[in-house]
Structure formats: structure tokens, C-alpha cells
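Text of entry.txt (compact mmCIF, C-alpha atoms (C1' of nucleotides)) as supplied:
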```txt
# COMPACT_ATOMS: atom_id res chain seq x y z
CA MET S 216 -16.05 47.21 61.13
CA HIS S 217 -15.75 49.43 64.18
CA ASP S 218 -18.88 48.00 65.71
CA LEU S 219 -17.13 44.98 67.09
CA LEU S 220 -14.59 47.21 68.78
CA ILE S 221 -17.26 49.46 70.27
CA LYS S 222 -19.09 46.45 71.56
CA TYR S 223 -15.88 45.01 72.95
CA ILE S 224 -14.98 48.22 74.74
CA SER S 225 -18.48 48.62 76.13
CA SER S 226 -18.28 45.21 77.69
CA TYR S 227 -15.29 46.29 79.73
CA ILE S 228 -16.47 49.59 81.15
CA SER S 229 -19.21 50.50 83.57
CA THR S 230 -20.14 54.00 82.32
CA PRO S 231 -21.72 53.69 78.87
CA LEU S 232 -20.16 55.37 75.86
CA THR S 233 -21.94 58.41 74.45
CA ASN S 234 -22.41 58.80 70.73
CA THR S 235 -19.65 61.37 70.54
CA ASP S 236 -17.40 58.97 72.42
CA LYS S 237 -18.11 56.37 69.80
CA GLU S 238 -17.30 58.83 67.07
CA LEU S 239 -13.98 59.67 68.68
CA ILE S 240 -13.14 56.02 68.91
CA LYS S 241 -13.97 55.42 65.28
CA GLU S 242 -11.75 58.28 64.26
CA ALA S 243 -8.84 57.16 66.39
CA PHE S 244 -8.75 53.59 65.13
CA GLU S 245 -7.77 53.13 61.54
CA PRO S 246 -8.80 49.97 59.68
CA LYS S 247 -5.85 48.03 58.35
CA LYS S 248 -5.68 44.83 56.36
CA ILE S 249 -2.71 42.64 57.10
CA ARG S 250 -2.09 39.76 54.73
CA LYS S 251 -0.81 36.43 55.89
CA LYS S 252 2.94 36.63 56.63
CA GLN S 253 2.95 40.42 56.62
CA TYR S 254 4.55 42.16 59.55
CA LEU S 255 2.77 44.54 61.83
CA LEU S 256 6.09 44.98 63.63
CA GLN S 257 9.62 43.80 62.93
CA ALA S 258 12.34 43.43 65.54
CA GLY S 259 14.47 46.55 65.60
CA GLU S 260 11.61 48.90 64.79
CA VAL S 261 9.56 50.86 67.26
CA CYS S 262 6.09 49.37 67.60
CA LYS S 263 3.93 51.94 65.90
CA TYR S 264 0.51 50.43 66.39
CA THR S 265 -1.61 48.51 68.75
CA ALA S 266 -3.97 46.38 66.71
CA PHE S 267 -7.41 45.17 67.66
CA ILE S 268 -8.16 42.08 65.63
CA VAL S 269 -11.58 42.12 64.05
CA LYS S 270 -10.98 39.02 61.98
CA GLY S 271 -7.89 36.90 61.56
CA ALA S 272 -4.97 35.57 63.55
CA MET S 273 -1.59 37.00 64.47
CA ARG S 274 1.47 35.97 66.42
CA GLN S 275 4.25 37.66 68.32
CA TYR S 276 7.68 36.06 68.55
CA SER S 277 11.34 36.64 69.16
CA VAL S 278 14.19 35.12 67.17
CA ASP S 279 17.14 33.86 69.19
CA SER S 280 20.83 33.86 68.34
CA LYS S 281 20.47 30.54 66.48
CA GLY S 282 17.64 31.83 64.36
CA THR S 283 14.94 29.88 66.18
CA GLU S 284 11.59 31.56 66.61
CA HIS S 285 10.00 31.66 70.05
CA ILE S 286 6.31 32.45 70.09
CA VAL S 287 5.36 34.71 72.97
CA GLY S 288 1.85 35.58 71.93
CA LEU S 289 -1.01 34.26 69.80
CA PHE S 290 -3.94 36.50 68.98
CA ILE S 291 -7.28 36.06 67.26
CA GLU S 292 -10.54 37.98 67.08
CA ASN S 293 -11.15 40.32 70.00
CA TRP S 294 -7.54 40.42 71.10
CA TRP S 295 -4.88 43.07 70.98
CA ALA S 296 -1.59 42.62 69.18
CA ALA S 297 1.48 44.78 69.83
CA ASP S 298 4.75 44.84 71.70
CA ARG S 299 3.65 46.89 74.58
CA GLU S 300 7.04 47.91 75.87
CA SER S 301 8.14 49.24 72.53
CA TYR S 302 4.78 50.88 71.90
CA VAL S 303 4.75 52.70 75.21
CA MET S 304 8.43 53.47 75.64
CA LEU S 305 9.12 54.13 71.97
CA THR S 306 12.15 51.87 72.13
CA PRO S 307 13.13 49.41 69.38
CA SER S 308 11.37 46.11 69.83
CA ASN S 309 12.91 42.68 70.22
CA TYR S 310 9.82 41.05 68.82
CA ASN S 311 8.11 40.47 65.53
CA VAL S 312 4.38 40.58 65.11
CA ASP S 313 2.92 39.20 61.92
CA ALA S 314 -0.31 37.84 60.52
CA TRP S 315 -0.78 34.11 60.44
CA GLU S 316 -4.04 34.44 58.56
CA ASP S 317 -5.22 37.36 56.45
CA THR S 318 -6.53 39.71 59.07
CA ASP S 319 -8.67 42.79 59.44
CA ALA S 320 -7.48 44.95 62.29
CA LEU S 321 -8.21 48.36 63.75
CA VAL S 322 -4.96 50.05 64.64
CA ILE S 323 -4.15 53.05 66.78
CA THR S 324 -0.92 54.91 67.42
CA ARG S 325 0.35 55.64 70.88
CA ALA S 326 -0.18 59.39 70.44
CA ASP S 327 -3.76 58.95 69.29
CA GLN S 328 -4.37 56.54 72.11
CA VAL S 329 -3.16 58.98 74.70
CA ASN S 330 -5.42 61.66 73.25
CA LEU S 331 -8.36 59.34 73.11
CA PHE S 332 -7.95 58.31 76.71
CA ASN S 333 -7.74 61.94 77.75
CA SER S 334 -10.97 62.65 75.92
CA ILE S 335 -12.76 59.61 77.32
CA PRO S 336 -11.60 58.94 80.87
CA ALA S 337 -13.95 55.98 81.08
CA LEU S 338 -11.49 54.15 78.86
CA ASN S 339 -9.04 53.98 81.72
CA GLU S 340 -11.26 51.35 83.17
CA LEU S 341 -10.69 49.31 80.04
CA SER S 342 -6.94 49.53 80.47
CA LEU S 343 -7.18 48.51 84.07
CA ARG S 344 -9.28 45.49 83.37
CA LEU S 345 -7.20 44.37 80.44
CA ASP S 346 -4.01 44.76 82.41
CA GLU S 347 -5.48 42.66 85.16
CA ARG S 348 -6.50 39.88 82.81
CA HIS S 349 -3.14 40.01 81.16
CA ALA S 350 -1.34 39.84 84.48
CA PHE S 351 -3.37 36.84 85.60
CA ALA S 352 -2.74 34.97 82.37
CA THR S 353 0.96 35.71 82.27
CA GLN S 354 1.43 34.68 85.87
CA LYS S 355 -0.14 31.35 85.12
CA ARG S 356 1.88 30.86 81.99
CA LEU S 357 5.11 31.56 83.82
CA ASN S 358 4.28 29.18 86.57
CA ASP S 359 3.25 26.43 84.16
CA LEU S 360 6.49 26.85 82.23
CA VAL S 361 8.63 26.16 85.26
CA SER S 362 6.46 23.68 87.10
CA LEU S 363 4.83 21.44 84.49
CA PRO S 364 6.33 18.90 82.09
CA ALA S 365 5.66 19.23 78.38
CA GLU S 366 2.64 16.96 78.32
CA LYS S 367 0.74 18.76 81.04
CA ARG S 368 1.56 22.12 79.56
CA TYR S 369 -0.02 21.00 76.34
CA SER S 370 -3.08 19.38 77.80
CA GLN S 371 -3.80 22.38 79.99
CA PHE S 372 -3.33 24.72 77.10
CA ALA S 373 -5.46 22.72 74.71
CA ASN S 374 -8.14 22.65 77.34
CA ALA S 375 -8.04 26.34 78.06
CA HIS S 376 -7.66 27.52 74.47
CA PRO S 377 -9.22 25.12 72.00
CA GLU S 378 -9.74 28.00 69.55
CA LEU S 379 -6.02 28.60 69.33
CA VAL S 380 -5.28 24.92 68.84
CA GLN S 381 -7.71 25.02 65.92
CA ARG S 382 -6.31 28.09 64.29
CA PHE S 383 -2.58 27.59 64.58
CA PRO S 384 -0.50 24.63 63.37
CA GLN S 385 1.21 22.42 65.88
CA HIS S 386 4.69 23.77 65.45
CA ILE S 387 3.43 27.21 66.46
CA ILE S 388 1.64 25.86 69.50
CA ALA S 389 4.74 23.89 70.42
CA SER S 390 6.88 27.00 70.32
CA TYR S 391 4.34 28.88 72.40
CA LEU S 392 4.60 26.14 75.01
CA GLY S 393 8.38 26.20 74.96
CA ILE S 394 8.87 22.80 73.34
CA THR S 395 9.79 21.61 69.85
CA LYS S 396 7.30 20.41 67.28
CA GLU S 397 8.75 16.90 67.47
CA THR S 398 8.21 16.75 71.20
CA LEU S 399 4.67 18.01 70.83
CA SER S 400 3.98 15.40 68.18
CA ARG S 401 5.18 12.62 70.46
CA VAL S 402 3.34 14.04 73.42
CA ARG S 403 0.07 14.02 71.51
CA LYS S 404 0.65 10.45 70.44
CA GLN S 405 1.09 9.51 74.08
CA MET S 406 -2.11 11.27 75.00
CA LEU S 407 -4.13 9.34 72.44
CA LYS S 408 -3.36 6.11 74.20
CA LYS S 409 -5.37 7.20 77.20
CA MET A 162 6.69 54.39 108.24
CA HIS A 163 4.11 55.65 105.75
CA ASP A 164 6.46 58.29 104.42
CA LEU A 165 8.27 55.89 102.15
CA LEU A 166 4.96 54.82 100.65
CA ILE A 167 3.82 58.38 100.09
CA LYS A 168 7.09 59.19 98.45
CA TYR A 169 6.87 56.08 96.33
CA ILE A 170 3.36 56.87 95.18
CA SER A 171 4.21 60.47 94.46
CA SER A 172 6.99 59.38 92.17
CA TYR A 173 4.47 57.54 90.00
CA ILE A 174 1.78 60.15 89.52
CA SER A 175 1.73 63.53 87.82
CA THR A 176 -0.87 65.38 89.91
CA PRO A 177 0.57 65.91 93.40
CA LEU A 178 -1.15 64.45 96.44
CA THR A 179 -2.96 66.87 98.73
CA ASN A 180 -2.58 66.61 102.46
CA THR A 181 -5.97 65.03 102.81
CA ASP A 182 -5.01 62.53 100.14
CA LYS A 183 -2.01 61.62 102.19
CA GLU A 184 -4.17 61.20 105.25
CA LEU A 185 -6.50 58.88 103.40
CA ILE A 186 -3.58 56.80 102.25
CA LYS A 187 -2.17 56.53 105.74
CA GLU A 188 -5.52 55.38 107.03
CA ALA A 189 -6.00 52.80 104.32
CA PHE A 190 -2.63 51.11 104.73
CA GLU A 191 -2.10 49.25 107.94
CA PRO A 192 1.44 48.56 109.18
CA LYS A 193 2.18 44.89 109.62
CA LYS A 194 5.27 43.09 110.79
CA ILE A 195 5.93 39.77 109.17
CA ARG A 196 8.61 37.60 110.72
CA LYS A 197 10.92 35.45 108.69
CA LYS A 198 9.10 32.32 107.46
CA GLN A 199 5.68 33.73 108.30
CA TYR A 200 3.03 33.61 105.63
CA LEU A 201 1.27 36.61 104.22
CA LEU A 202 -0.73 34.19 102.08
CA GLN A 203 -1.02 30.42 101.96
CA ALA A 204 -2.18 28.43 98.97
CA GLY A 205 -5.88 27.69 99.30
CA GLU A 206 -6.71 30.95 101.02
CA VAL A 207 -7.98 34.09 99.38
CA CYS A 208 -5.26 36.74 99.22
CA LYS A 209 -6.46 39.26 101.75
CA TYR A 210 -3.76 41.89 101.47
CA THR A 211 -1.49 43.60 99.06
CA ALA A 212 1.68 44.47 100.91
CA PHE A 213 4.03 47.34 100.23
CA ILE A 214 7.42 46.40 101.60
CA VAL A 215 9.02 49.13 103.67
CA LYS A 216 11.85 46.96 104.88
CA GLY A 217 12.55 43.30 104.36
CA ALA A 218 12.30 40.61 101.72
CA MET A 219 9.50 38.31 100.64
CA ARG A 220 8.87 35.61 98.09
CA GLN A 221 5.93 34.17 96.21
CA TYR A 222 5.93 30.55 95.12
CA SER A 223 3.83 27.61 94.12
CA VAL A 224 4.31 24.04 95.27
CA ASP A 225 3.94 21.36 92.62
CA SER A 226 2.55 17.85 92.89
CA LYS A 227 5.95 16.53 93.98
CA GLY A 228 6.27 19.08 96.73
CA THR A 229 8.86 21.18 94.95
CA GLU A 230 8.65 24.93 95.41
CA HIS A 231 8.71 27.16 92.35
CA ILE A 232 9.51 30.78 93.04
CA VAL A 233 7.48 33.14 90.90
CA GLY A 234 8.27 36.40 92.63
CA LEU A 235 10.94 37.98 94.83
CA PHE A 236 10.25 41.26 96.54
CA ILE A 237 12.25 43.71 98.59
CA GLU A 238 11.86 47.32 99.69
CA ASN A 239 9.61 49.41 97.46
CA TRP A 240 7.88 46.45 95.89
CA TRP A 241 4.42 45.01 96.19
CA ALA A 242 3.74 41.48 97.32
CA ALA A 243 0.44 39.67 96.73
CA ASP A 244 -1.22 37.17 94.46
CA ARG A 245 -3.04 39.58 92.31
CA GLU A 246 -5.53 37.20 90.80
CA SER A 247 -6.71 35.95 94.15
CA TYR A 248 -6.71 39.44 95.61
CA VAL A 249 -8.82 40.90 92.83
CA MET A 250 -11.08 37.97 92.04
CA LEU A 251 -11.42 36.77 95.63
CA THR A 252 -10.65 33.23 94.51
CA PRO A 253 -8.45 30.81 96.47
CA SER A 254 -4.82 31.28 95.57
CA ASN A 255 -2.42 28.69 94.20
CA TYR A 256 0.52 30.54 95.65
CA ASN A 257 2.22 31.12 98.95
CA VAL A 258 3.71 34.42 99.94
CA ASP A 259 6.02 34.50 102.92
CA ALA A 260 8.77 36.58 104.44
CA TRP A 261 12.35 35.59 103.77
CA GLU A 262 13.65 38.23 106.16
CA ASP A 263 11.80 39.90 108.99
CA THR A 264 9.85 42.56 107.18
CA ASP A 265 7.89 45.72 107.81
CA ALA A 266 5.05 46.11 105.37
CA LEU A 267 2.07 48.34 104.81
CA VAL A 268 -0.92 46.27 103.85
CA ILE A 269 -4.27 47.14 102.33
CA THR A 270 -7.37 45.06 101.66
CA ARG A 271 -9.04 44.98 98.31
CA ALA A 272 -12.12 46.74 99.62
CA ASP A 273 -10.11 49.54 101.17
CA GLN A 274 -8.10 49.85 98.03
CA VAL A 275 -11.18 50.24 95.87
CA ASN A 276 -12.45 52.94 98.21
CA LEU A 277 -9.14 54.68 98.26
CA PHE A 278 -8.90 54.74 94.50
CA ASN A 279 -12.40 56.13 94.27
CA SER A 280 -11.46 58.91 96.67
CA ILE A 281 -8.20 59.70 94.90
CA PRO A 282 -8.59 59.19 91.16
CA ALA A 283 -4.98 60.24 90.64
CA LEU A 284 -4.01 56.85 92.00
CA ASN A 285 -5.30 55.24 88.86
CA GLU A 286 -2.22 56.59 87.20
CA LEU A 287 -0.17 54.62 89.68
CA SER A 288 -1.96 51.42 88.77
CA LEU A 289 -1.49 52.07 85.11
CA ARG A 290 2.22 52.67 85.43
CA LEU A 291 2.79 49.72 87.70
CA ASP A 292 0.86 47.44 85.41
CA GLU A 293 2.93 48.60 82.51
CA ARG A 294 6.20 47.95 84.30
CA HIS A 295 4.96 44.61 85.43
CA ALA A 296 3.88 43.66 81.93
CA PHE A 297 7.27 44.62 80.48
CA ALA A 298 9.15 42.65 83.07
CA THR A 299 6.99 39.57 82.80
CA GLN A 300 7.20 39.57 79.04
CA LYS A 301 10.94 39.57 79.24
CA ARG A 302 11.03 36.88 81.86
CA LEU A 303 8.80 34.63 79.80
CA ASN A 304 10.87 35.11 76.72
CA ASP A 305 14.11 34.47 78.58
CA LEU A 306 12.70 31.27 80.03
CA VAL A 307 12.01 29.76 76.64
CA SER A 308 14.86 31.23 74.64
CA LEU A 309 17.90 31.25 76.90
CA PRO A 310 19.93 28.41 78.42
CA ALA A 311 20.45 28.30 82.18
CA GLU A 312 23.75 30.14 82.18
CA LYS A 313 22.51 33.16 80.25
CA ARG A 314 19.38 33.34 82.31
CA TYR A 315 21.49 33.61 85.40
CA SER A 316 24.01 36.10 84.09
CA GLN A 317 21.28 38.36 82.76
CA PHE A 318 19.41 38.15 85.99
CA ALA A 319 22.44 38.78 88.17
CA ASN A 320 23.22 41.77 86.03
CA ALA A 321 19.75 43.20 86.12
CA HIS A 322 19.05 42.49 89.80
CA PRO A 323 22.22 42.44 91.86
CA GLU A 324 20.19 43.44 94.94
CA LEU A 325 18.15 40.26 94.75
CA VAL A 326 21.23 38.10 94.30
CA GLN A 327 22.57 39.67 97.49
CA ARG A 328 19.47 39.19 99.53
CA PHE A 329 18.34 35.71 98.59
CA PRO A 330 20.33 32.47 98.78
CA GLN A 331 21.25 30.65 95.62
CA HIS A 332 18.67 27.94 95.83
CA ILE A 333 15.96 30.57 95.79
CA ILE A 334 17.46 32.38 92.83
CA ALA A 335 17.81 29.06 91.03
CA SER A 336 14.15 28.28 91.51
CA TYR A 337 13.19 31.74 90.31
CA LEU A 338 15.18 31.09 87.15
CA GLY A 339 13.56 27.71 86.63
CA ILE A 340 16.65 25.61 87.37
CA THR A 341 17.84 23.52 90.32
CA LYS A 342 20.32 24.72 92.89
CA GLU A 343 22.85 22.14 91.70
CA THR A 344 22.68 23.43 88.16
CA LEU A 345 23.06 26.99 89.33
CA SER A 346 26.07 26.03 91.38
CA ARG A 347 27.72 24.44 88.36
CA VAL A 348 26.80 27.31 86.12
CA ARG A 349 28.43 29.79 88.45
CA LYS A 350 31.56 27.70 88.58
CA GLN A 351 31.70 27.78 84.80
CA MET A 352 31.29 31.53 84.79
CA LEU A 353 34.24 32.05 87.13
CA LYS A 354 36.57 30.53 84.59
CA LYS A 355 35.96 33.42 82.22
C1' DC E 92 1.92 15.71 38.91
C1' DG E 93 4.80 17.95 41.85
C1' DC E 94 5.54 21.23 45.37
C1' DG E 95 5.34 23.43 49.96
C1' DG E 96 3.95 23.28 54.47
C1' DG E 97 2.99 20.59 58.13
C1' DT E 98 3.51 16.34 60.79
C1' DT E 99 5.60 12.02 62.15
C1' DT E 100 9.26 8.80 63.31
C1' DG E 101 13.75 7.26 64.57
C1' DA E 102 18.49 7.58 66.20
C1' DT E 103 21.53 10.21 68.84
C1' DG E 104 23.00 13.49 72.16
C1' DA E 105 22.94 17.54 75.31
C1' DT E 106 21.15 19.87 78.97
C1' DG E 107 19.71 19.88 83.19
C1' DC E 108 17.51 16.82 86.97
C1' DT E 109 17.77 13.42 90.86
C1' DC E 110 19.85 11.39 94.56
C1' DA E 111 23.42 11.01 97.69
C1' DA E 112 27.35 12.46 100.02
C1' DG E 113 30.52 15.78 101.82
C1' DC E 114 31.82 20.42 103.03
C1' DC E 115 31.63 25.03 104.97
C1' DC E 116 30.26 28.21 108.37
C1' DG E 117 27.77 30.58 111.84
C1' DG E 118 25.12 29.74 115.91
C1' DT E 119 23.93 27.15 120.22
C1' DG E 120 24.66 24.77 124.17
C1' DG E 121 27.34 21.81 127.13
C1' DC R 294 36.38 26.38 124.12
C1' DC R 295 34.83 22.79 121.66
C1' DA R 296 31.11 19.72 119.78
C1' DC R 297 27.36 19.61 117.33
C1' DC R 298 23.70 21.09 114.35
C1' DG R 299 21.23 23.25 110.50
C1' DG R 300 21.22 25.70 106.40
C1' DG R 301 23.32 26.46 102.40
C1' DC R 302 26.59 25.26 98.80
C1' DT R 303 29.31 21.94 96.11
C1' DT R 304 30.49 17.68 93.71
C1' DG R 305 29.80 13.33 91.48
C1' DA R 306 27.40 9.51 89.08
C1' DG R 307 23.56 8.05 86.64
C1' DC R 308 19.45 9.24 84.35
C1' DA R 309 15.20 11.50 82.23
C1' DT R 310 13.47 14.69 79.41
C1' DC R 311 13.61 16.99 75.67
C1' DA R 312 16.38 18.90 71.59
C1' DT R 313 18.62 18.01 67.27
C1' DC R 314 19.13 16.19 62.81
C1' DA R 315 17.58 13.62 59.07
C1' DA R 316 14.32 11.22 56.53
C1' DA R 317 9.81 9.96 55.16
C1' DC R 318 5.10 10.85 54.82
C1' DC R 319 0.75 13.27 54.10
C1' DC R 320 -2.20 16.28 51.78
C1' DG R 321 -4.23 20.35 49.67
C1' DC R 322 -3.35 23.20 45.74
C1' DG R 323 -1.58 25.30 41.62
```
Take the structure I supplied and represent it as C-alpha cells, if you would.
Amino acid sequence: MHDLLIKYISSYISTPLTNTDKELIKEAFEPKKIRKKQYLLQAGEVCKYTAFIVKGAMRQYSVDSKGTEHIVGLFIENWWAADRESYVMLTPSNYNVDAWEDTDALVITRADQVNLFNSIPALNELSLRLDERHAFATQKRLNDLVSLPAEKRYSQFANAHPELVQRFPQHIIASYLGITKETLSRVRKQMLKK
Amino acid sequence: MHDLLIKYISSYISTPLTNTDKELIKEAFEPKKIRKKQYLLQAGEVCKYTAFIVKGAMRQYSVDSKGTEHIVGLFIENWWAADRESYVMLTPSNYNVDAWEDTDALVITRADQVNLFNSIPALNELSLRLDERHAFATQKRLNDLVSLPAEKRYSQFANAHPELVQRFPQHIIASYLGITKETLSRVRKQMLKK
DNA sequence: CGCGGGTTTGATGATGCTCAAGCCCGGTGG
DNA sequence: CCACCGGGCTTGAGCATCATCAAACCCGCG
């Protein structure tokens, strides 16, 4: 269970983890099963956990004034799910995070995470790298949202993330891309003709 | 010139900078004047510098296939300007960064930055904090883009960043918000009526 | 068999874009 | 001192893209 996490972490840092490091990590991350449709976080709450997904699929979304869901994040194996702002600042979140498939996660609280990072400074490298990756990806997503029409947004996305297209239904993907499911359906039809 | 930077950095880290630290920082950051309309980075190049703005205003934008500019970042005093992905990965950038006002910046290369951070580990805390802030802000911007209509995007933005509304003309703000200048003009007219 | 979730299709309409023109204003030069 | 120019802002008319609403369809599953 924890092995995947250890392996994942190791791949992001340059100084190898000692055995005691690994023990500390195992203690800090608690296994948690989240059934399909169950919340890891509901809007209004403070985000208690950051979850590393060992197996399964989750999504993060806001709900606007009309009750429409807007997907802001899709996560599968080897990704992290949380609302970072709420988790770090301990403020109530505007987002929901729930499981789209039954998932096995390893969760950690902010307090435990802070302790863990103090005990294992090498982990700061992990943070740095992940933040970088996240910043790159978000920059691109922002730019695509304002500069590309629906069809290109979809084709680029499907190209870059075939796994996600497999795992999530179209209406979820559509919302992630900032379009409706009907538009996505029509867009795909168009694409077939080529 | 460097004092503002030192002060800025100090405000983000918990262990105070020693005098030698400060010296190292001053050596690593080179002052650079960038005149209005001059590029710090042009699409196709590798982003050579990260710039800390001491005085002035800059913008980051992409240009789409039709030649339209899409503003992805607006920066004034006490902000950082760069295309991070290009800067870190040394890949050609898709973005332009140029000065909107004559600006005084302190610039650092990636190599010098890596050295500097090795010499002063406390600076890692700075990175961490900045990345956090950046992640929070980008998350919100993304969500606003897909969940709010033009008018709310503008009013929220004007509320949150009055300084930027002052410093940049409307057509720039409009592009940043993902709308055209005409739409922004009409939206503002609407808002006056209330 | 029927139900729920997902997808498709069509008709209609809103939001925001495009293109084109005019206006305002500060700056420059005759 | 005035004419002109450029940059920015506004306004209008027509239009494209995409959203909405409603209905039908498809299919795996209890």
C-alpha cells in the first residue's frame, strides 16, 4: 500500500530515503478507502487531508450560484487530491472533492505533513518539483481556456491525457474544459469526419 | 535598488538573512532597465531571466494563430515576471514578456538562482511560499474563468486588484479576463447604472 | 423488464465576438 | 495657437459560438 507512495516520492528527490525516513512516511500517511460518490472534502469545510491516490479516480469541483458543477481537477493513480488553499490556510473551502471510482488513498493532515517535512528535509525537494509541475500545467490550462475554441481544447486535452478521457465520462471532461456536455458531443462528432 | 528585494525576501522567510547572505543576493541579481515596449522575453526564445520588479509594470501574453494577444500575467512592483516553464526547463517559450511602463528590475539567471539557493537554503522557504500563493491565485482565476460571466469576472477583479486597473488600460485588463475590450466597455457601462 | 446514467440530437436563444466607425484627449510639430 | 495624429475608449449592427431546454436513445445491471 505505502510502497507506491515511497516509490513515487523517491522518484522526485535526489537524496535517497533512509529506512527510518520510510518508516516516518508510512506512519504519517493513513490509508483511507473512499467509495464512489463519497466526499473527501465538501465546500464550506476546511480541507483536512491531502490524499495520494493509490488506486481510483477523484475530482475537484465548485458549484456555482445556479447549481452547476465546474470541474477544476481530475485525479487518478499517482496524483494528489486536495484543495490546497483550504488545506494550508485552514480556511473553509469553496470546492468539493469526491471519488468518481472507489479509491484507495493515503491521506495526511497538514500538521502531520509539517512535522514530516521537518523530520525529512529532503521532502522539500518533492514540494518544489510538484509545485513547478503544477504551475506549468495550470499556466497552460489558463492560456488554452482563453485562447482556444472548444474543439481545440478538447483535442489537445484528449491528446495529452488519454488516461483521463478513458476514466471519466464525457460530461465530466466537458466541464473540465469549460464547455457543456452537448457541445462536447457535437465537437466530437465533427472530429470524426476528419 | 536591492534594498526593496532584500526587504521583500525577508518578509517571506522565518530565519533572518545574514549580512553575507545579503551580499550574495545582491551579487546574484543584476539591475536591468527595461523601457516601455521592450521585451524581457519573446516567444520562441528560452526565458533567460526571472525579473523582480522594483519599479514599473510588465505583462506576459501569448499570441494566437489569428494574431490576437492573450494576457496571462500582469506584474507591478514587488512581483516576479518570467515564463517559469521556459526558465526552469530551458525550453523555448510560448509567451512574450514586455514592459508596459519603463521599469527597473532586478534579474537573475536560472544558473545563478540555483547557486544562490544552494548557498542560502533559507530561500527555499521563499520558493515554497511564493508557489503556494501562486497556486491559490491561479486556482481561483481558473475557476472564475469557467464559472463567472464577464461582468462578475471584471467586478471581482477590479475589487481584488485596484492597482492593476489603475496601471493598465482597459483593453489589457479585458484580455487578462478573457474578454474583448468592447465587451469590457459595455460591461462597465452596465455597472455604472447600479 | 425497467431503471439510471450517460450520450446524442434538435430547436432556440444569449452571451460575447467581429468589424467598422466615431470620439476623446494628450502630445507633436508647423 | 491650431492641426493633426495615435492610442485608447465607445457605440452600433450583424454574427458565431456555445448554452439551454427538451426529448429520445443507448446500454449495462439489478
Please check the contacts: residues of chain A at most 12 Å away from chain R, using only C-alpha atoms (C1' of nucleotides), listed as a list in words.
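On the chain A side, the interface is Phe329, Pro330, Gln331, His332, Ile333, Lys342, Glu343, Thr344, Leu345, Ser346, Arg347, Val348, Arg349 and Lys350 of chain A.
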Go ahead and compute the interatomic distance for CA of Ile237 in chain A and CA of Gln221 in chain A, in Å to one decimal.
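If I compute the distance from CA of Ile237 in chain A to CA of Gln221 in chain A, I get 11.7 Å.
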Mind listing as a list in words which residues of chain E are within 10 Å of chain A, counting all atoms listed in the file?
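Using all atoms listed in the file, chain E residues at most 10 Å from chain A: DT106, DG107 and DC108 of chain E.
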Using 6 Å as the limit and counting only C-alpha atoms, can you tabulate each residue of chain S that touches chain A, with its shortest atom-to-atom distance in Å and the two atoms involved, as a Markdown table?
```
| residue | atom | partner | partner_atom | distance |
| --- | --- | --- | --- | --- |
| S:Glu300 | CA | A:Phe297 | CA | 5.7 |
| S:Phe351 | CA | A:Glu246 | CA | 5.6 |
| S:Val361 | CA | A:Gly339 | CA | 5.3 |
| S:Gly393 | CA | A:Val307 | CA | 5.4 |
```
Any idea what the distance is between CA of Val268 in chain A and CA of Gly217 in chain A?
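A separation of 13.8 Å between them.
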